[in-house]
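So this one's upload-v9.cif, mmCIF, C-alpha atoms:
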data_query
#
loop_
_atom_site.label_atom_id
_atom_site.label_comp_id
_atom_site.auth_asym_id
_atom_site.auth_seq_id
_atom_site.Cartn_x
_atom_site.Cartn_y
_atom_site.Cartn_z
CA MET A 630 30.07 8.20 -14.61
CA HIS A 631 28.77 6.46 -11.51
CA GLU A 632 28.55 8.16 -8.18
CA ASN A 633 29.39 4.82 -6.70
CA PRO A 634 30.70 2.19 -9.10
CA ARG A 635 28.99 -0.51 -7.07
CA ASN A 636 25.53 0.90 -7.73
CA MET A 637 23.08 -1.37 -9.45
CA THR A 638 21.92 0.14 -12.71
CA GLN A 639 18.53 -0.54 -14.17
CA GLY A 640 15.93 1.48 -16.05
CA GLN A 641 16.18 5.20 -16.61
CA PHE A 642 18.51 7.65 -14.87
CA SER A 643 20.42 4.93 -13.04
CA PHE A 644 23.80 6.31 -14.11
CA LEU A 645 22.89 9.67 -12.62
CA PRO A 646 23.10 10.70 -8.99
CA PRO A 647 19.94 9.69 -7.10
CA LEU A 648 16.89 11.73 -8.08
CA THR A 649 15.56 14.21 -5.53
CA ASP A 650 11.90 13.99 -4.52
CA ASP A 651 11.08 17.00 -6.68
CA GLN A 652 12.74 15.38 -9.67
CA ILE A 653 10.83 12.16 -9.01
CA LYS A 654 7.59 14.16 -8.81
CA ALA A 655 8.36 15.86 -12.11
CA GLN A 656 8.95 12.49 -13.79
CA ILE A 657 5.70 11.13 -12.36
CA ALA A 658 3.84 14.24 -13.50
CA TYR A 659 5.12 13.58 -17.01
CA ALA A 660 3.99 9.95 -16.84
CA ILE A 661 0.51 10.95 -15.67
CA LYS A 662 0.28 13.54 -18.42
CA GLN A 663 1.02 10.83 -20.96
CA GLY A 664 -1.82 8.76 -19.49
CA PHE A 665 0.43 6.02 -18.12
CA ALA A 666 -0.55 3.94 -15.10
CA VAL A 667 2.12 4.47 -12.47
CA SER A 668 3.12 1.77 -10.00
CA VAL A 669 5.64 1.25 -7.22
CA GLU A 670 7.69 -1.94 -6.86
CA PHE A 671 10.53 -3.12 -4.61
CA THR A 672 13.12 -5.89 -4.46
CA ASP A 673 16.31 -6.94 -2.72
CA ASP A 674 17.60 -8.93 -5.68
CA PRO A 675 19.60 -6.32 -7.54
CA HIS A 676 20.56 -8.28 -10.65
CA PRO A 677 20.27 -5.92 -13.64
CA ARG A 678 18.13 -8.46 -15.47
CA ASN A 679 15.72 -8.97 -12.59
CA THR A 680 12.77 -7.04 -13.99
CA TYR A 681 9.91 -8.63 -12.07
CA TRP A 682 9.88 -6.98 -8.64
CA GLU A 683 7.36 -7.19 -5.83
CA MET A 684 4.38 -4.87 -6.25
CA TRP A 685 3.98 -2.39 -3.43
CA CYS A 686 0.42 -1.38 -4.31
CA GLN A 687 -1.91 -1.72 -7.22
CA PRO A 688 -0.99 0.26 -10.32
CA MET A 689 -2.55 3.70 -10.07
CA PHE A 690 -4.77 3.95 -13.14
CA ASP A 691 -6.80 7.02 -12.24
CA THR A 692 -4.60 9.29 -10.19
CA LYS A 693 -4.41 12.83 -11.45
CA ASP A 694 -1.55 14.15 -9.36
CA PRO A 695 2.03 13.05 -8.62
CA ALA A 696 1.44 13.62 -4.90
CA ALA A 697 -0.60 10.41 -4.83
CA VAL A 698 2.29 8.38 -6.19
CA MET A 699 4.74 10.09 -3.84
CA LEU A 700 2.46 9.05 -0.97
CA GLU A 701 2.96 5.40 -1.95
CA VAL A 702 6.67 5.85 -2.61
CA ASN A 703 7.12 7.29 0.87
CA GLU A 704 5.00 4.55 2.47
CA CYS A 705 7.09 1.94 0.67
CA ARG A 706 10.30 3.67 1.75
CA LYS A 707 9.09 3.57 5.34
CA THR A 708 8.49 -0.17 5.18
CA TRP A 709 11.25 -1.41 2.86
CA GLY A 710 13.49 1.57 2.22
CA ALA A 711 16.38 0.65 4.54
CA ASN A 712 17.39 -2.51 2.71
CA HIS A 713 15.49 -2.66 -0.56
CA TYR A 714 15.52 -1.11 -4.01
CA ILE A 715 12.32 0.71 -4.94
CA LYS A 716 11.38 1.68 -8.47
CA VAL A 717 8.58 3.65 -10.06
CA GLN A 718 7.15 2.22 -13.26
CA ALA A 719 4.78 3.74 -15.77
CA PHE A 720 2.71 1.45 -17.93
CA ASP A 721 1.45 2.62 -21.29
CA ASN A 722 -1.76 0.82 -22.20
CA ALA A 723 -1.94 2.26 -25.73
CA ARG A 724 -2.79 -0.37 -28.32
CA TRP A 725 0.35 -2.04 -29.77
CA ARG A 726 2.58 -0.66 -27.02
CA GLU A 727 0.98 -2.13 -23.92
CA SER A 728 4.20 -2.28 -21.97
CA VAL A 729 6.24 -0.45 -19.38
CA ALA A 730 7.14 2.92 -20.83
CA MET A 731 9.18 4.32 -17.92
CA SER A 732 11.02 2.72 -15.05
CA PHE A 733 13.42 4.33 -12.63
CA ILE A 734 14.92 3.62 -9.23
CA VAL A 735 13.80 5.93 -6.42
CA ASN A 736 15.39 4.21 -3.44
CA ARG A 737 18.55 2.19 -2.84
CA PRO A 738 19.78 0.33 0.22
CA LYS A 739 22.27 2.33 2.27
CA TYR A 740 25.16 0.08 1.30
CA GLU A 741 25.45 -1.79 -1.97
CA PRO A 742 28.21 -4.40 -2.00
CA GLY A 743 28.15 -4.51 -5.79
CA LEU A 744 28.37 -7.22 -8.40
CA ALA A 745 30.98 -9.87 -9.07
CA LEU A 746 31.98 -11.06 -12.52
CA ALA A 747 31.44 -14.83 -12.75
CA ARG A 748 33.11 -16.91 -15.47
CA GLN A 749 31.90 -20.22 -16.73
CA GLU A 750 34.11 -22.39 -18.89
CA GLY A 751 32.38 -23.81 -21.95
CA PRO A 752 33.48 -26.27 -24.60
CA GLY A 753 36.60 -25.36 -26.56
CA ARG A 754 38.00 -23.10 -23.85
CA SER A 755 35.16 -20.62 -24.42
CA ILE A 756 34.19 -18.48 -21.46
CA HIS A 757 30.69 -17.28 -20.57
CA TYR A 758 30.48 -14.22 -18.41
CA THR A 759 27.73 -13.21 -16.06
CA VAL A 760 27.34 -10.91 -13.07
CA HIS A 761 26.53 -12.07 -9.62
CA SER A 762 25.42 -9.86 -6.77
CA TYR A 763 27.27 -10.30 -3.49
CA ALA A 764 24.04 -9.42 -1.72
CA THR A 765 22.19 -12.44 -3.08
CA ASP A 766 24.52 -14.85 -1.29
CA LYS A 767 22.23 -14.30 1.67
CA PRO A 768 18.57 -15.33 1.74
CA ARG A 769 15.84 -12.85 0.95
CA GLY A 770 15.11 -10.36 3.67
CA GLU A 771 18.61 -10.67 5.14
CA ARG A 772 20.40 -8.88 2.33
CA TYR A 773 21.63 -5.32 2.83
CA LYS A 774 21.48 -5.46 6.60
CA MET B 535 3.93 24.40 -3.95
CA THR B 536 7.55 25.31 -4.11
CA ASP B 537 7.20 27.83 -6.90
CA GLN B 538 5.02 30.03 -4.70
CA SER B 539 7.27 30.22 -1.70
CA PRO B 540 10.24 32.54 -1.84
CA GLU B 541 13.66 30.91 -1.95
CA LYS B 542 14.92 30.73 1.58
CA SER B 543 18.52 30.22 0.54
CA GLU B 544 18.69 33.68 -1.02
CA GLY B 545 18.18 35.61 2.17
CA ALA B 546 18.98 38.98 0.65
CA GLN B 547 16.64 38.51 -2.28
CA ALA B 548 14.99 41.73 -3.36
CA PHE B 549 11.22 41.59 -3.08
CA PRO B 550 8.98 43.85 -5.13
CA ASP B 551 7.72 46.96 -3.34
CA SER B 552 4.25 46.69 -4.72
CA PHE B 553 1.88 43.98 -5.76
CA ASP B 554 -0.68 44.36 -8.48
CA LEU B 555 -3.70 42.89 -6.68
CA GLU B 556 -6.03 44.04 -9.43
CA GLY B 557 -3.91 42.43 -12.12
CA GLU B 558 -3.51 39.21 -10.16
CA PHE B 559 -7.25 39.11 -9.58
CA ALA B 560 -7.91 39.53 -13.30
CA ARG B 561 -5.31 36.90 -14.19
CA SER B 562 -6.68 34.38 -11.73
CA ASN B 563 -10.05 34.35 -13.51
CA VAL B 564 -11.76 34.12 -10.13
CA GLN B 565 -14.12 36.92 -11.07
CA ALA B 566 -15.57 34.79 -13.85
CA VAL B 567 -16.13 31.88 -11.47
CA LEU B 568 -17.75 34.13 -8.88
CA GLU B 569 -20.02 35.64 -11.50
CA LYS B 570 -20.96 32.17 -12.69
CA LEU B 571 -21.76 31.30 -9.10
CA ASP B 572 -23.98 34.37 -8.84
CA ARG B 573 -25.72 33.61 -12.08
CA GLU B 574 -26.31 29.90 -11.68
CA LEU B 575 -27.06 29.69 -7.99
CA VAL B 576 -30.12 31.45 -6.67
CA GLY B 577 -30.03 32.95 -3.18
CA LEU B 578 -27.33 31.60 -0.84
CA ALA B 579 -26.14 35.14 -0.10
CA PRO B 580 -24.15 34.22 3.05
CA VAL B 581 -22.42 31.37 1.19
CA LYS B 582 -21.44 33.57 -1.71
CA GLN B 583 -20.17 36.18 0.74
CA ARG B 584 -17.97 33.62 2.50
CA ILE B 585 -16.58 32.33 -0.78
CA ARG B 586 -15.75 35.87 -1.84
CA GLU B 587 -13.99 36.37 1.49
CA ILE B 588 -12.00 33.17 1.10
CA ALA B 589 -11.00 34.14 -2.43
CA ALA B 590 -9.89 37.55 -1.17
CA LEU B 591 -7.91 35.99 1.68
CA LEU B 592 -6.12 33.62 -0.66
CA LEU B 593 -5.33 36.40 -3.08
CA VAL B 594 -3.93 38.65 -0.35
CA ASP B 595 -2.00 35.67 0.96
CA LYS B 596 -0.44 35.27 -2.44
CA ALA B 597 0.45 38.96 -2.50
CA ARG B 598 2.05 38.72 0.93
CA ARG B 599 4.10 35.76 -0.11
CA SER B 600 5.35 37.55 -3.22
CA MET B 601 6.78 40.21 -0.89
CA GLY B 602 8.48 37.60 1.19
CA LEU B 603 6.18 37.85 4.19
CA GLU B 604 6.01 34.53 5.94
CA THR B 605 2.41 33.33 6.09
CA GLY B 606 2.54 29.57 6.26
CA ALA B 607 0.40 27.41 4.03
CA PRO B 608 -3.24 28.32 4.66
CA THR B 609 -5.58 25.61 5.84
CA LEU B 610 -8.27 25.23 3.26
CA HIS B 611 -10.31 22.33 4.56
CA MET B 612 -13.96 23.28 4.87
CA SER B 613 -17.24 22.05 6.19
CA PHE B 614 -20.49 22.73 4.40
CA THR B 615 -23.55 22.33 6.56
CA GLY B 616 -27.13 22.63 5.45
CA ASN B 617 -30.27 20.75 4.60
CA PRO B 618 -30.42 18.49 1.56
CA GLY B 619 -30.68 20.18 -1.81
CA THR B 620 -29.22 23.51 -0.69
CA GLY B 621 -26.38 23.37 -3.23
CA LYS B 622 -23.48 22.02 -1.19
CA THR B 623 -22.11 19.79 -3.94
CA THR B 624 -22.52 22.47 -6.60
CA VAL B 625 -20.70 25.04 -4.48
CA ALA B 626 -17.95 22.50 -3.76
CA LEU B 627 -17.45 22.10 -7.49
CA ARG B 628 -17.10 25.86 -7.88
CA MET B 629 -14.77 25.97 -4.90
CA ALA B 630 -12.46 23.48 -6.62
CA GLU B 631 -12.44 25.76 -9.65
CA ILE B 632 -11.64 28.84 -7.55
CA LEU B 633 -8.82 27.08 -5.70
CA LYS B 634 -7.39 25.89 -9.00
CA ASN B 635 -7.48 29.40 -10.46
CA LEU B 636 -5.69 30.76 -7.43
CA GLY B 637 -3.11 27.99 -7.58
CA TYR B 638 -3.96 26.34 -4.28
CA VAL B 639 -4.80 22.98 -5.84
CA ARG B 640 -3.00 21.75 -8.90
CA GLN B 641 -5.66 19.81 -10.84
CA GLY B 642 -8.95 21.27 -9.63
CA HIS B 643 -11.05 18.12 -9.86
CA LEU B 644 -13.64 17.09 -7.29
CA ILE B 645 -14.02 13.56 -5.99
CA SER B 646 -17.34 13.12 -4.22
CA VAL B 647 -17.53 10.22 -1.78
CA THR B 648 -19.66 8.90 1.06
CA ARG B 649 -18.97 6.47 3.87
CA ASP B 650 -19.29 3.46 1.58
CA ASP B 651 -16.35 4.62 -0.54
CA LEU B 652 -14.05 5.07 2.45
CA VAL B 653 -14.92 2.38 4.94
CA GLY B 654 -14.28 -1.29 4.23
CA GLN B 655 -16.24 -4.35 5.20
CA TYR B 656 -13.67 -6.39 7.05
CA ILE B 657 -10.49 -5.91 9.05
CA GLY B 658 -7.69 -4.54 6.89
CA HIS B 659 -10.03 -3.39 4.13
CA THR B 660 -10.55 0.18 5.26
CA ALA B 661 -7.02 1.58 5.12
CA PRO B 662 -6.32 0.65 1.47
CA LYS B 663 -9.80 1.73 0.46
CA THR B 664 -9.47 5.13 2.08
CA ARG B 665 -5.97 5.54 0.68
CA GLU B 666 -7.24 4.67 -2.80
CA VAL B 667 -9.84 7.45 -2.59
CA ILE B 668 -7.34 9.94 -1.20
CA LYS B 669 -4.94 9.13 -4.02
CA LYS B 670 -7.64 9.76 -6.59
CA ALA B 671 -8.45 13.12 -5.02
CA MET B 672 -4.82 14.28 -4.71
CA GLY B 673 -4.28 17.62 -6.39
CA GLY B 674 -7.97 18.39 -6.13
CA VAL B 675 -10.84 18.47 -3.69
CA LEU B 676 -12.19 15.51 -1.73
CA PHE B 677 -15.87 16.06 -0.97
CA ILE B 678 -17.22 13.79 1.77
CA ASP B 679 -21.01 13.89 1.75
CA GLU B 680 -22.83 13.07 4.98
CA ALA B 681 -19.51 12.89 6.77
CA TYR B 682 -21.08 12.10 10.16
CA TYR B 683 -21.79 8.55 8.99
CA LEU B 684 -18.04 7.96 9.22
CA TYR B 685 -18.32 8.00 12.97
CA LYS B 686 -20.67 5.53 14.64
CA PRO B 687 -20.40 5.94 18.40
CA GLU B 688 -22.75 3.06 19.14
CA ASN B 689 -20.31 0.58 17.63
CA GLU B 690 -16.83 0.88 19.07
CA ARG B 691 -15.44 -1.65 16.61
CA ASP B 692 -16.72 0.28 13.61
CA TYR B 693 -14.10 0.65 10.89
CA GLY B 694 -15.06 4.29 10.34
CA ALA B 695 -12.62 5.35 13.02
CA GLU B 696 -9.78 3.96 10.93
CA ALA B 697 -10.85 5.99 7.91
CA ILE B 698 -11.08 9.11 10.10
CA GLU B 699 -7.57 8.55 11.39
CA ILE B 700 -6.10 8.27 7.90
CA LEU B 701 -8.06 11.31 6.73
CA LEU B 702 -6.85 13.43 9.64
CA GLN B 703 -3.28 12.43 8.95
CA VAL B 704 -3.50 13.42 5.29
CA MET B 705 -5.37 16.64 6.12
CA GLU B 706 -2.53 17.63 8.40
CA ASN B 707 0.53 16.43 6.49
CA GLN B 708 -0.49 17.04 2.90
CA ARG B 709 -2.30 20.33 3.02
CA ASP B 710 -0.58 21.29 -0.23
CA ASP B 711 -1.89 18.28 -2.07
CA LEU B 712 -5.48 17.89 -1.00
CA VAL B 713 -8.40 19.99 0.19
CA VAL B 714 -11.09 18.14 2.11
CA ILE B 715 -14.68 19.41 2.27
CA LEU B 716 -17.05 17.72 4.72
CA ALA B 717 -20.76 18.13 4.15
CA GLY B 718 -23.96 17.24 5.95
CA TYR B 719 -26.89 18.40 8.05
CA ALA B 720 -25.93 21.10 10.52
CA ASN B 721 -26.98 19.47 13.80
CA ARG B 722 -25.53 16.05 12.98
CA MET B 723 -22.27 17.63 11.82
CA GLU B 724 -22.12 19.46 15.13
CA VAL B 725 -22.33 16.14 16.99
CA PHE B 726 -19.73 14.68 14.65
CA PHE B 727 -17.30 17.53 15.33
CA GLN B 728 -17.84 17.29 19.05
CA SER B 729 -16.84 13.65 19.08
CA ASN B 730 -13.97 14.21 16.64
CA PRO B 731 -12.22 17.36 17.85
CA GLY B 732 -9.36 16.61 15.48
CA PHE B 733 -11.60 17.46 12.55
CA ARG B 734 -12.83 20.73 13.95
CA SER B 735 -9.37 22.06 14.57
CA ARG B 736 -8.20 21.13 11.09
CA ILE B 737 -11.09 22.81 9.34
CA ALA B 738 -10.67 26.50 8.70
CA HIS B 739 -13.95 27.43 7.10
CA HIS B 740 -17.38 26.44 8.31
CA ILE B 741 -20.02 27.50 5.83
CA ASP B 742 -23.71 27.17 6.57
CA PHE B 743 -26.16 26.79 3.72
CA PRO B 744 -29.56 28.33 4.46
CA ASP B 745 -32.82 26.89 3.18
CA TYR B 746 -34.34 28.51 0.12
CA SER B 747 -37.40 30.72 0.34
CA GLU B 748 -40.48 30.07 -1.77
CA LYS B 749 -39.49 32.80 -4.17
CA GLU B 750 -35.99 31.42 -4.55
CA LEU B 751 -37.32 27.93 -5.19
CA MET B 752 -39.55 29.34 -7.91
CA SER B 753 -36.62 30.98 -9.69
CA ILE B 754 -34.57 27.79 -9.28
CA ALA B 755 -37.36 25.85 -10.97
CA GLN B 756 -37.48 28.47 -13.71
CA LEU B 757 -33.72 28.14 -14.25
CA MET B 758 -34.02 24.36 -14.48
CA VAL B 759 -36.90 24.56 -16.94
CA ASP B 760 -34.96 27.01 -19.12
CA ALA B 761 -31.82 24.89 -19.03
CA GLN B 762 -33.73 21.87 -20.29
CA HIS B 763 -35.51 23.80 -23.02
CA TYR B 764 -38.99 23.52 -21.62
CA VAL B 765 -41.56 26.26 -21.16
CA LEU B 766 -44.10 26.57 -18.37
CA THR B 767 -47.41 28.01 -19.45
CA PRO B 768 -48.64 30.92 -17.26
CA GLU B 769 -51.18 28.56 -15.70
CA ALA B 770 -48.48 25.99 -15.00
CA GLN B 771 -46.39 28.71 -13.36
CA LYS B 772 -49.31 29.57 -11.14
CA VAL B 773 -49.79 25.92 -10.20
CA LEU B 774 -46.09 25.59 -9.47
CA ARG B 775 -46.20 28.66 -7.21
CA ASP B 776 -49.03 26.95 -5.37
CA TYR B 777 -47.15 23.64 -5.34
CA ILE B 778 -44.01 24.94 -3.61
CA PRO B 779 -45.45 25.87 -0.17
CA ARG B 780 -47.46 22.62 -0.12
CA ARG B 781 -44.34 20.57 -0.92
CA MET B 782 -42.31 22.46 1.69
CA LYS B 783 -44.69 21.35 4.42
CA MET B 784 -44.45 17.69 3.43
CA PRO B 785 -41.81 15.33 4.83
CA HIS B 786 -38.53 14.68 2.98
CA PHE B 787 -38.49 18.12 1.44
CA ALA B 788 -35.09 18.60 -0.16
CA ASN B 789 -35.07 22.19 -1.45
CA ALA B 790 -33.73 22.43 -4.99
CA ARG B 791 -33.61 18.66 -5.38
CA SER B 792 -37.36 18.45 -4.71
CA MET B 793 -37.91 21.04 -7.39
CA ARG B 794 -35.88 19.01 -9.85
CA ASN B 795 -37.83 15.87 -8.98
CA ALA B 796 -41.15 17.70 -9.35
CA LEU B 797 -40.12 18.93 -12.79
CA ASP B 798 -38.86 15.49 -13.78
CA ARG B 799 -42.23 14.03 -12.91
CA ALA B 800 -44.00 16.81 -14.80
CA LYS B 801 -41.87 15.99 -17.84
CA LEU B 802 -42.89 12.36 -17.46
CA ARG B 803 -46.55 13.28 -17.38
CA GLN B 804 -46.13 15.62 -20.30
CA ALA B 805 -44.58 12.80 -22.34
CA ASN B 806 -47.39 10.52 -21.32
CA ARG B 807 -49.99 13.12 -22.24
CA LEU B 808 -48.45 13.62 -25.68
CA PHE B 809 -48.31 9.89 -26.21
CA GLY B 810 -51.95 9.48 -25.29
CA ARG B 811 -53.10 12.11 -27.75
CA LYS B 812 -55.22 11.10 -30.73
CA ASP B 813 -53.34 13.24 -33.25
CA ARG B 814 -49.89 11.87 -32.47
CA THR B 815 -48.81 12.20 -36.06
CA ASN B 816 -48.17 15.96 -36.06
CA LEU B 817 -46.53 17.13 -32.85
CA THR B 818 -45.19 20.65 -33.02
CA ARG B 819 -42.15 22.14 -31.38
CA HIS B 820 -44.54 23.95 -29.09
CA ASP B 821 -46.14 20.67 -27.98
CA LEU B 822 -42.78 19.14 -27.16
CA THR B 823 -41.53 22.02 -25.06
CA THR B 824 -44.63 23.06 -23.16
CA ILE B 825 -45.47 21.87 -19.68
CA GLU B 826 -49.15 22.47 -18.97
CA ALA B 827 -50.82 23.07 -15.65
CA GLU B 828 -52.38 19.62 -15.76
CA ASP B 829 -48.92 18.00 -15.83
CA LEU B 830 -48.24 19.52 -12.45
CA LEU B 831 -51.72 19.23 -11.01
CA GLN B 832 -51.60 15.46 -11.11
CA SER B 833 -48.93 15.52 -8.41
CA ARG B 834 -49.76 13.73 -5.17
CA VAL B 835 -48.99 16.98 -3.38
CA PHE B 836 -52.34 18.33 -4.55
CA GLN B 837 -54.21 15.22 -3.57
CA VAL B 838 -53.77 15.49 0.17
#
Could you render the structure from this file as structure tokens?
Amino acid sequence: MHENPRNMTQGQFSFLPPLTDDQIKAQIAYAIKQGFAVSVEFTDDPHPRNTYWEMWCQPMFDTKDPAAVMLEVNECRKTWGANHYIKVQAFDNARWRESVAMSFIVNRPKYEPGLALARQEGPGRSIHYTVHSYATDKPRGERYK
Amino acid sequence: MTDQSPEKSEGAQAFPDSFDLEGEFARSNVQAVLEKLDRELVGLAPVKQRIREIAALLLVDKARRSMGLETGAPTLHMSFTGNPGTGKTTVALRMAEILKNLGYVRQGHLISVTRDDLVGQYIGHTAPKTREVIKKAMGGVLFIDEAYYLYKPENERDYGAEAIEILLQVMENQRDDLVVILAGYANRMEVFFQSNPGFRSRIAHHIDFPDYSEKELMSIAQLMVDAQHYVLTPEAQKVLRDYIPRRMKMPHFANARSMRNALDRAKLRQANRLFGRKDRTNLTRHDLTTIEAEDLLQSRVFQV
């Protein structure tokens, strides 16, 4: 299943081996064809439920070609790529949908320490489970170094 | 893009012995675009010749690549020099179409910008602004009108230099994704290239747009009149023929654009004339489409 069982999974394709640049371009081309606004975001908080990442640039509402998005992805990789996750999102502004239609990871830190299972005891011996990323024990910016 | 270049991993791949240049030419639909260019643009013989040459080069390049001959991605950035109103923007639009048909740009759209669209107003404003424009133009053609305004030698802290730097970088590194066309007056472009040698070396095709002759301007005006469903009376035609050399001698003459403006003003006067008529109740089709000599004669060109 996983290439590396410690990989964070989130959005589309995250159980697959990392996408190549050509595959990323093809996905972006699809998004543009659908009329979605594509954006690039990054984070170093890899919790699977952390959906609000930092924006790298403004969402690209009127780009016609995937090369434009790849330009931003590569710029973002240059700045944050070594120790951050980067994802590409596509926003569908169609009435009644108006939400993120696609989201996939395009960059991972070189080493991902993975997630721990944390247990919390509740009343009546019940147990609540959650995941906790080893990386987030350190402050922002110092994770994945 | 990748689908045009032969797979390098399959070294022993068999390449076809022959290439159907005629068939490829027909498939690419370039002939139709070239014919359209011939039909819609009067004169400009040297420009049309150059475009035909570029189209031929790109087609042969494609043929060579299909036989596995290494050619390297051709540089397609161009500079269009010429006086105002000589058709630079129109030809750039056609160029985008030709490049799209030949598969050298993917989308074939044209983004036309000037200095204001590229250069910001404060520190840190220029780079994102330029990048925004470049992103919009990706997969198509970026047309920079009056490109020499980007470079202001008298102000060494001018932000234009930053825009130039980003442009040069993209022109070099993303030749597959973007074609840049610089346009402007010939002598000022020459100065611009001299002070920015990086641009000159990255531009493969310099095309010079000649001024139109009187006769050509007349047929341009005729084309415009036809396209807008107006008719010039024989007298009006005579007046217009007289108008052209007078207008050419005046300052701020802008070739085809001046013709369009002259016709726009004639249309205005025609509307005014019709409105001032006593029998406004029964205008005929003929009235609405005809431009009379008097509509043109009122021009200030005849008053000096």
Chain A near chain B within 7 Å: what's each residue's closest atom pair and its distance in Å to one decimal, counting only C-alpha atoms, ordered by chain then ascending residue number, as JSON lines?
{"residue": "A:Asp691", "atom": "CA", "partner": "B:Lys670", "partner_atom": "CA", "distance": 6.3}
{"residue": "A:Thr692", "atom": "CA", "partner": "B:Lys670", "partner_atom": "CA", "distance": 4.7}
{"residue": "A:Lys693", "atom": "CA", "partner": "B:Lys670", "partner_atom": "CA", "distance": 6.6}
{"residue": "A:Asp694", "atom": "CA", "partner": "B:Gly673", "partner_atom": "CA", "distance": 5.3}
{"residue": "A:Ala696", "atom": "CA", "partner": "B:Met672", "partner_atom": "CA", "distance": 6.3}
{"residue": "A:Ala697", "atom": "CA", "partner": "B:Lys669", "partner_atom": "CA", "distance": 4.6}
**Q.** Expected selection from the PyMOL selection byres ((chain A and resi 743-747) around 10), given as a list in words
**A.** Asn633, Pro634, Arg635, Asn636, Met637, Pro675, His676, Pro677, Tyr740, Glu741, Pro742, Arg748, Gln749, Ile756, His757, Tyr758, Thr759, Val760, His761, Ser762, Tyr763, Ala764 and Thr765 of chain A
Please determine the residues with any atom at most 8 Å from (-9.8, 3.3, 6.1) (coordinates as given in the file, with all atoms listed in the file counting) and report them as a PDB file with C-alpha atoms, keeping the file's coordinate frame.
ATOM      1  CA  LEU B 652     -14.050   5.070   2.450  1.00  0.00           C
ATOM      2  CA  VAL B 653     -14.920   2.380   4.940  1.00  0.00           C
ATOM      3  CA  GLY B 654     -14.280  -1.290   4.230  1.00  0.00           C
ATOM      4  CA  HIS B 659     -10.030  -3.390   4.130  1.00  0.00           C
ATOM      5  CA  THR B 660     -10.550   0.180   5.260  1.00  0.00           C
ATOM      6  CA  ALA B 661      -7.020   1.580   5.120  1.00  0.00           C
ATOM      7  CA  PRO B 662      -6.320   0.650   1.470  1.00  0.00           C
ATOM      8  CA  LYS B 663      -9.800   1.730   0.460  1.00  0.00           C
ATOM      9  CA  THR B 664      -9.470   5.130   2.080  1.00  0.00           C
ATOM     10  CA  ARG B 665      -5.970   5.540   0.680  1.00  0.00           C
ATOM     11  CA  TYR B 693     -14.100   0.650  10.890  1.00  0.00           C
ATOM     12  CA  GLY B 694     -15.060   4.290  10.340  1.00  0.00           C
ATOM     13  CA  ALA B 695     -12.620   5.350  13.020  1.00  0.00           C
ATOM     14  CA  GLU B 696      -9.780   3.960  10.930  1.00  0.00           C
ATOM     15  CA  ALA B 697     -10.850   5.990   7.910  1.00  0.00           C
ATOM     16  CA  ILE B 698     -11.080   9.110  10.100  1.00  0.00           C
ATOM     17  CA  GLU B 699      -7.570   8.550  11.390  1.00  0.00           C
ATOM     18  CA  ILE B 700      -6.100   8.270   7.900  1.00  0.00           C
TER      19      ILE B 700
END
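A straight line drawn from CA of Gln703 in chain B to CA of His740 in chain B is 19.9 Å long.
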Check: Neighbours of Leu555 in chain B within 8 Å (all atoms listed in the file; same-chain residues fewer than 5 positions away dropped), as a list in words?
Finding: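 The contact residues come out as Leu593, Val594 and Ala597 of chain B.
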Practice item. Fewer than 5 positions away in the same chain doesn't count, so skip those; otherwise give me all residues within 10 Å of Phe787 in chain B, counting all atoms listed in the file, as a list in words. Key: Asn617, Pro618, Gly619, Arg781, Met782, Ser792 and Met793 of chain B
With only C-alpha atoms as the basis for distance, which of A:Trp682, A:Val667, A:Ile657, A:Leu700 is at the shortest distance from Asn707 in chain B?
->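 Of all the options, A:Leu700 lies closest to Asn707 in chain B.
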Test item: the PyMOL selection byres ((chain A and resi 680) around 12) resolved as a tab-separated table (two decimals) with C-alpha atoms, in the frame of the given file:
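Final output, saved to out-v2.tsv:
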chain	number	residue	atom	x	y	z
A	638	THR	CA	21.92	0.14	-12.71
A	639	GLN	CA	18.53	-0.54	-14.17
A	640	GLY	CA	15.93	1.48	-16.05
A	670	GLU	CA	7.69	-1.94	-6.86
A	671	PHE	CA	10.53	-3.12	-4.61
A	672	THR	CA	13.12	-5.89	-4.46
A	673	ASP	CA	16.31	-6.94	-2.72
A	674	ASP	CA	17.60	-8.93	-5.68
A	675	PRO	CA	19.60	-6.32	-7.54
A	676	HIS	CA	20.56	-8.28	-10.65
A	677	PRO	CA	20.27	-5.92	-13.64
A	678	ARG	CA	18.13	-8.46	-15.47
A	679	ASN	CA	15.72	-8.97	-12.59
A	681	TYR	CA	9.91	-8.63	-12.07
A	682	TRP	CA	9.88	-6.98	-8.64
A	683	GLU	CA	7.36	-7.19	-5.83
A	684	MET	CA	4.38	-4.87	-6.25
A	714	TYR	CA	15.52	-1.11	-4.01
A	715	ILE	CA	12.32	0.71	-4.94
A	716	LYS	CA	11.38	1.68	-8.47
A	718	GLN	CA	7.15	2.22	-13.26
A	729	VAL	CA	6.24	-0.45	-19.38
A	732	SER	CA	11.02	2.72	-15.05
A	733	PHE	CA	13.42	4.33	-12.63
A	734	ILE	CA	14.92	3.62	-9.23
Check which residues satisfy the PyMOL selection byres ((chain A and resi 722) around 12) in the file shown, then give them as a ChimeraX atom specification.
/A:663-667,688,690,719-721,723-730
One decimal place gives the CA of Leu603 in chain B-CA of Ile715 in chain B separation as 27.9 Å
Students should find that CA of Leu684 in chain B and CA of Asn789 in chain B are spaced 24.6 Å
Nearest to Met601 in chain B, restricted to all atoms listed in the file and choosing among B:His763, B:Pro550, B:Ile737, B:Asp745, comes out as B:Pro550
